[in-house]
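*Asks:* Here it is, the structure, as structure tokens.
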Amino acid sequence: MAAMLHVCSIDYVARMLGEDAQLLEAIISNDDNLTYGNIVSVYVGPDETSTALTDDGIQELTEMIRAARITNKTWHEFLDDFVDDIDLVARIKAKSPR
């Protein structure tokens with residue numbers, strides 16, 4: 001296995017993918033959604049962490065979202081299944097094309 005040389009913050013990944021950072025955070029908050037080791041906690045202070053993804057994690061998340069966005073129906077089902085925040089789901093669904 002190759003050594004991990006860098007990780008990308010969720011905010012940066014969201015900008016790269018053109019996605020909502022809160023949505024990505026909600027998806028990866030359940031670490032069962034991505035392969036073990038692809039989600040990294042970065043300590044930015046004594047009691048503060050930030051979530052980051054490895055390159056493999058970014059790829060896995062990208063493929064997951066791409067598959068979910070095939071149709072508006074599959075996208076809405078994905079949001080209902082993978083995001084626990086009802087207000088966030090409603091906001092993201094409202095942005096979805098009809």
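Here's how to read the names in the structure tokens: chain A, B, ... by the order shown, residue numbers from 1 in each chain, ligand numbers from 1 in the order shown.
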Could you give me, as a ChimeraX atom specification, the residues within 9 Å of stretch 46-61 of chain A, counting only C-alpha atoms and dropping anything in the same chain fewer than 2 positions from it?
*Replies:* /A:4-11,13,24-25,27-28,33-35,37-44,63-66
*Asks:* Write out the residues from the selection above, keeping N, CA and C atoms, as an mmCIF file, in the first residue's frame.
*Replies:*
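Resulting contents of result-v1.cif:
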```cif
data_model
loop_
_atom_site.group_PDB
_atom_site.id
_atom_site.type_symbol
_atom_site.label_atom_id
_atom_site.label_comp_id
_atom_site.auth_asym_id
_atom_site.auth_seq_id
_atom_site.Cartn_x
_atom_site.Cartn_y
_atom_site.Cartn_z
ATOM 1 N N MET A 4 0.111 7.658 2.200
ATOM 2 C CA MET A 4 -0.741 8.804 1.928
ATOM 3 C C MET A 4 0.116 10.058 2.099
ATOM 4 N N LEU A 5 0.173 10.887 1.061
ATOM 5 C CA LEU A 5 1.015 12.068 1.113
ATOM 6 C C LEU A 5 0.247 13.348 1.394
ATOM 7 N N HIS A 6 -1.037 13.353 1.100
ATOM 8 C CA HIS A 6 -1.846 14.541 1.372
ATOM 9 C C HIS A 6 -3.315 14.152 1.482
ATOM 10 N N VAL A 7 -4.088 15.053 2.057
ATOM 11 C CA VAL A 7 -5.540 14.922 2.132
ATOM 12 C C VAL A 7 -6.134 16.273 1.744
ATOM 13 N N CYS A 8 -7.421 16.271 1.405
ATOM 14 C CA CYS A 8 -8.108 17.503 1.024
ATOM 15 C C CYS A 8 -9.266 17.751 1.985
ATOM 16 N N SER A 9 -9.420 18.991 2.402
ATOM 17 C CA SER A 9 -10.519 19.342 3.303
ATOM 18 C C SER A 9 -11.854 19.182 2.590
ATOM 19 N N ILE A 10 -12.903 19.012 3.365
ATOM 20 C CA ILE A 10 -14.244 18.873 2.802
ATOM 21 C C ILE A 10 -14.626 20.128 2.026
ATOM 22 N N ASP A 11 -14.271 21.299 2.535
ATOM 23 C CA ASP A 11 -14.588 22.540 1.821
ATOM 24 C C ASP A 11 -13.926 22.563 0.445
ATOM 25 N N VAL A 13 -12.913 19.886 -1.318
ATOM 26 C CA VAL A 13 -13.547 18.842 -2.129
ATOM 27 C C VAL A 13 -14.887 19.351 -2.663
ATOM 28 N N LEU A 24 -21.731 17.166 1.690
ATOM 29 C CA LEU A 24 -20.639 16.198 1.722
ATOM 30 C C LEU A 24 -20.316 15.789 3.153
ATOM 31 N N GLU A 25 -20.312 16.747 4.050
ATOM 32 C CA GLU A 25 -20.056 16.450 5.464
ATOM 33 C C GLU A 25 -21.113 15.489 6.010
ATOM 34 N N ILE A 27 -22.879 13.314 4.274
ATOM 35 C CA ILE A 27 -22.701 11.999 3.660
ATOM 36 C C ILE A 27 -21.587 11.229 4.354
ATOM 37 N N ILE A 28 -20.472 11.895 4.604
ATOM 38 C CA ILE A 28 -19.327 11.176 5.178
ATOM 39 C C ILE A 28 -19.365 11.116 6.696
ATOM 40 N N ASN A 33 -20.077 4.935 4.888
ATOM 41 C CA ASN A 33 -20.394 5.304 3.509
ATOM 42 C C ASN A 33 -19.173 5.287 2.595
ATOM 43 N N LEU A 34 -17.984 5.398 3.156
ATOM 44 C CA LEU A 34 -16.748 5.318 2.373
ATOM 45 C C LEU A 34 -15.856 4.246 2.976
ATOM 46 N N THR A 35 -14.955 3.733 2.181
ATOM 47 C CA THR A 35 -14.031 2.695 2.619
ATOM 48 C C THR A 35 -13.178 3.193 3.785
ATOM 49 N N GLY A 37 -10.402 4.341 6.087
ATOM 50 C CA GLY A 37 -9.130 4.987 5.806
ATOM 51 C C GLY A 37 -9.220 6.126 4.816
ATOM 52 N N ASN A 38 -10.366 6.282 4.143
ATOM 53 C CA ASN A 38 -10.515 7.357 3.163
ATOM 54 C C ASN A 38 -11.007 8.656 3.783
ATOM 55 N N ILE A 39 -11.477 8.591 5.016
ATOM 56 C CA ILE A 39 -11.898 9.769 5.768
ATOM 57 C C ILE A 39 -10.881 9.973 6.879
ATOM 58 N N VAL A 40 -10.345 11.191 6.978
ATOM 59 C CA VAL A 40 -9.292 11.475 7.939
ATOM 60 C C VAL A 40 -9.725 12.647 8.817
ATOM 61 N N SER A 41 -9.526 12.520 10.119
ATOM 62 C CA SER A 41 -9.745 13.638 11.036
ATOM 63 C C SER A 41 -8.427 14.360 11.229
ATOM 64 N N VAL A 42 -8.445 15.673 11.017
ATOM 65 C CA VAL A 42 -7.248 16.501 11.158
ATOM 66 C C VAL A 42 -7.444 17.376 12.382
ATOM 67 N N TYR A 43 -6.513 17.298 13.314
ATOM 68 C CA TYR A 43 -6.596 18.129 14.510
ATOM 69 C C TYR A 43 -6.058 19.516 14.186
ATOM 70 N N VAL A 44 -6.942 20.519 14.357
ATOM 71 C CA VAL A 44 -6.568 21.904 14.078
ATOM 72 C C VAL A 44 -6.481 22.725 15.363
ATOM 73 N N GLU A 63 -17.846 9.089 -7.354
ATOM 74 C CA GLU A 63 -18.586 8.015 -8.023
ATOM 75 C C GLU A 63 -19.950 7.798 -7.376
ATOM 76 N N MET A 64 -20.010 7.903 -6.052
ATOM 77 C CA MET A 64 -21.265 7.735 -5.322
ATOM 78 C C MET A 64 -22.268 8.812 -5.747
ATOM 79 N N ILE A 65 -21.814 10.061 -5.796
ATOM 80 C CA ILE A 65 -22.693 11.170 -6.158
ATOM 81 C C ILE A 65 -23.090 11.081 -7.633
ATOM 82 N N ARG A 66 -22.142 10.743 -8.495
ATOM 83 C CA ARG A 66 -22.441 10.616 -9.931
ATOM 84 C C ARG A 66 -23.533 9.554 -10.155
#
```
*Asks:* Which residues are near A:Arg91? Cut-off 10 Å, only C-alpha atoms, ignore same chain within fewer than 5 positions. Put them as number ranges by chain.
*Replies:* A: 23, 86, 96
*Asks:* Next, dump the selected residues to file, keeping only N, CA and C atoms, as a PDB file, in the first residue's frame.
*Replies:*
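And here is the file that came out, again.pdb:
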```pdb
ATOM      1  N   LEU A  23     -23.529  19.148   2.615  1.00  0.00           N
ATOM      2  CA  LEU A  23     -24.026  17.882   2.085  1.00  0.00           C
ATOM      3  C   LEU A  23     -22.934  16.820   2.138  1.00  0.00           C
ATOM      4  N   ILE A  86     -32.896  16.720   7.959  1.00  0.00           N
ATOM      5  CA  ILE A  86     -34.101  16.963   7.149  1.00  0.00           C
ATOM      6  C   ILE A  86     -34.066  18.333   6.485  1.00  0.00           C
ATOM      7  N   SER A  96     -32.560  21.096  -6.758  1.00  0.00           N
ATOM      8  CA  SER A  96     -32.544  20.090  -7.829  1.00  0.00           C
ATOM      9  C   SER A  96     -33.437  20.529  -8.977  1.00  0.00           C
TER      10      SER A  96
END
```
*Asks:* May I have all residues of chain A that DSSP, computed from the backbone, assigns to strand (DSSP E or B), given as number ranges by chain?
*Replies:* A: 8-9, 39-45, 48-53
*Asks:* Smallest atom-to-atom distance to A:Ser29: which of A:Ala14, A:Ala94, A:Val89, A:Val83, using only C-alpha atoms?
*Replies:*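 Of the candidates, the smallest distance to A:Ser29 is held by A:Val83.
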*Asks:* In Å to one decimal, how far is atom CA of A:Tyr12 from atom CA of A:Asp80?
*Replies:*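 Between atom CA of A:Asp80 and atom CA of A:Tyr12 the gap works out to 24.4 Å.
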